[in-house]
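To keep things clear, I will list the structure first and then write my remarks on it.
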Amino acid sequence: MQFQDRREIPDHVEIGRAETYPAQTLYVSEVGASLSELIDLSSQTMADAAAARGIVSIGPDVTTGGLHIGYDRKIWSSEAELRARIPEHVKTPRGKQIPLRFTQEEMGENSTR
Amino acid sequence: MGAELRYNTSNVCSAGVPITTNGTRRLLTAGHCTGSTFTNNGNVVGTTYTTAYPGNAHIYGDWKLIQGSTYGMRVFNGIMSSNDNLPISGANYGGRPNGLQICVSGRTTAQTCRYFVTGSYETFTVNGVTANYQLRMYHDGDLDGYGDRSGWESGDSGGPCYYSDGSGGVIVNGIVKGRITPTTGAITYYCSQLTGVRYWDASAYVG
């Protein structure tokens with residue numbers, strides 16, 4: 001996990017809304033990668049046949065600040081199996097590891113008839 | 001938009017939104033609607049101009065443009081076979097914050113709303129084809145806080161994904177892509193964001 005603890009900035013006062021409500025406290029969380037970096041990491045992971053096998057969906061995850069990965073339960077019986085293939089593909093350009101959140105999924109389908 | 005597009009004799013999808021590039025208005029629909037000629041009520045309403053699917057879906061997403069007819073800037077929002085419709089007043093070419101809502105319109109289920117966004121800019125793989133720029137959602141028709149299985153159905157692919165502009169019009173955010181349907185429990189729904197169209201052509205716009 002690359003999150004830092006929430007940092008309170010009690011004297012942070014912005015113009016406008018914050019002046020109207022001066023008691024507002026701003027909380028910030030540092031995340032491991034920007035949105036554009038996370039999108040690139042998703043694409044890179046899916047471009048790697050070995051890493052992408054069994055991945056149904058992948059994308060930025062606001063819950064962790066990392067990536068959310070949905071995987072096919074028929075191909076990977078456990079998160080641990082898939083996680084072992086992933087780490088080298090999901091580092092930021094600065095070499096920082098980012099959080100990964102896994103969810104078991106079924107295969108997807110298009111909504112044609 | 002949301003009307004039927006029939007192709008390959010018996011396959012059906014739905015009309016998406018008008019997209020203008022280089023001064024020409026065409027119609028956006030799902031790339032996985034793989035026909036080259038599309039009809040509605042027996043009339044040809046378009047032929048494929050270009051498609052990102054399947055070869056470039058991992059770059060631009062799952063969409064295609066058809067051309068050959070006039071395409072209105074409106075979305076059907078009534079029950080099936082109703083002519084009720086709303087004007088398209090704008091477009092969102094990015095993602096949508098988690099927790100906010102989306103409606104869709106398609107030829108099978110007409111308008112359905114109460115889709116809640118759980119992710120943007122995702123990739124989604126179906127039948128070995130990975131498509132970029134996807135909105136992930138669940139549907140909660142009774143607003144009990146839990147996802148359900150009562151959202152769109154097969155044939156709604158390509159129909160518009162949109163939300164209210166607060167003034168009687170709608171802002172389109174994408175087109176219907178597909179679903180993940182577990183044996184039990186909530187279905188996960190995916191819309192292809194307009195982001196991919198803009199990535200293909202930065203000057204393209206809804207209009």
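Ligands are numbered from 1 in the order shown, chains are lettered A, B, ... in the order of the structure tokens, and residues start at 1 in each chain.
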Residue list for chain A near chain B as a ChimeraX atom specification, 9 Å, only C-alpha atoms: /A:35,39,42-43,46-47,55-62,68,105-113
Write the residues of the selection above to a file with N, CA and C atoms, as a CSV table (one decimal), in the first residue's frame.
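Once everything was written out, this is out.csv:
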```
chain,number,residue,atom,x,y,z
A,35,LEU,N,-4.0,9.5,-12.9
A,35,LEU,CA,-5.0,8.8,-13.7
A,35,LEU,C,-4.4,8.4,-15.0
A,39,ILE,N,-4.1,4.6,-16.5
A,39,ILE,CA,-4.6,4.1,-17.7
A,39,ILE,C,-3.6,3.5,-18.6
A,42,SER,N,-2.8,0.1,-17.2
A,42,SER,CA,-3.9,-0.9,-17.6
A,42,SER,C,-3.6,-1.4,-19.0
A,43,SER,N,-3.3,-0.5,-19.9
A,43,SER,CA,-3.1,-0.9,-21.3
A,43,SER,C,-1.9,-1.8,-21.4
A,46,MET,N,-2.7,-5.3,-20.2
A,46,MET,CA,-3.5,-6.1,-21.2
A,46,MET,C,-2.7,-6.4,-22.4
A,47,ALA,N,-1.7,-5.7,-22.7
A,47,ALA,CA,-0.9,-5.9,-23.9
A,47,ALA,C,0.1,-7.1,-23.7
A,55,ILE,N,-7.9,-12.0,-17.3
A,55,ILE,CA,-8.3,-10.7,-16.8
A,55,ILE,C,-9.5,-10.2,-17.6
A,56,VAL,N,-10.6,-10.0,-17.0
A,56,VAL,CA,-11.9,-9.6,-17.7
A,56,VAL,C,-11.9,-8.1,-17.8
A,57,SER,N,-11.5,-7.4,-16.7
A,57,SER,CA,-11.5,-5.9,-16.7
A,57,SER,C,-10.4,-5.4,-15.8
A,58,ILE,N,-9.9,-4.2,-16.2
A,58,ILE,CA,-8.8,-3.6,-15.4
A,58,ILE,C,-9.0,-2.1,-15.6
A,59,GLY,N,-8.7,-1.3,-14.5
A,59,GLY,CA,-8.8,0.1,-14.6
A,59,GLY,C,-8.5,0.8,-13.3
A,60,PRO,N,-8.4,2.1,-13.4
A,60,PRO,CA,-8.2,3.0,-12.2
A,60,PRO,C,-9.2,2.7,-11.1
A,61,ASP,N,-8.7,2.7,-9.9
A,61,ASP,CA,-9.5,2.3,-8.7
A,61,ASP,C,-9.5,3.5,-7.7
A,62,VAL,N,-10.6,4.2,-7.6
A,62,VAL,CA,-10.6,5.3,-6.6
A,62,VAL,C,-10.6,4.8,-5.2
A,68,HIS,N,-8.0,-1.6,-10.2
A,68,HIS,CA,-9.0,-2.7,-9.9
A,68,HIS,C,-8.9,-3.7,-11.0
A,105,GLU,N,-14.7,-12.5,-11.3
A,105,GLU,CA,-15.8,-12.2,-12.2
A,105,GLU,C,-16.1,-13.4,-13.1
A,106,GLU,N,-17.2,-13.3,-13.8
A,106,GLU,CA,-17.5,-14.3,-14.9
A,106,GLU,C,-16.9,-13.7,-16.2
A,107,MET,N,-17.1,-14.5,-17.3
A,107,MET,CA,-16.7,-13.9,-18.6
A,107,MET,C,-17.7,-12.8,-19.0
A,108,GLY,N,-17.3,-11.8,-19.7
A,108,GLY,CA,-18.2,-10.8,-20.2
A,108,GLY,C,-18.8,-11.2,-21.5
A,109,GLU,N,-19.8,-10.4,-21.8
A,109,GLU,CA,-20.5,-10.6,-23.1
A,109,GLU,C,-20.9,-9.2,-23.7
A,110,ASN,N,-20.9,-9.1,-25.0
A,110,ASN,CA,-21.5,-7.9,-25.6
A,110,ASN,C,-23.0,-8.0,-25.6
A,111,SER,N,-23.6,-6.8,-25.7
A,111,SER,CA,-25.1,-6.8,-25.6
A,111,SER,C,-25.8,-6.7,-27.0
A,112,THR,N,-25.3,-7.5,-27.9
A,112,THR,CA,-26.0,-7.6,-29.2
A,112,THR,C,-27.0,-8.7,-29.2
A,113,ARG,N,-27.8,-8.8,-30.2
A,113,ARG,CA,-28.7,-9.9,-30.3
A,113,ARG,C,-28.7,-10.4,-31.7
```
Residue set, segment 28-75 of chain A restricted to alpha helix (DSSP H), as number ranges by chain: A: 35-47, 49-52
Residue set, segment 33-170 of chain B restricted to strand (DSSP E or B), as number ranges by chain: B: 37-40, 43-51, 64-67, 74-76, 85-91, 101-106, 110-126, 129-139, 160-164, 170
Who sits within 8 Å of Thr64 of chain A, only C-alpha atoms, same chain under 4 positions skipped, as number ranges by chain: A: 99-101
Print the selection's residues with C-alpha atoms to a file, as a PDB file, in the first residue's frame.
```
ATOM      1  CA  PRO A  99      -2.045  -1.003  -4.893  1.00  0.00           C
ATOM      2  CA  LEU A 100      -4.029  -3.723  -6.629  1.00  0.00           C
ATOM      3  CA  ARG A 101      -7.588  -4.729  -5.801  1.00  0.00           C
TER       4      ARG A 101
END
```
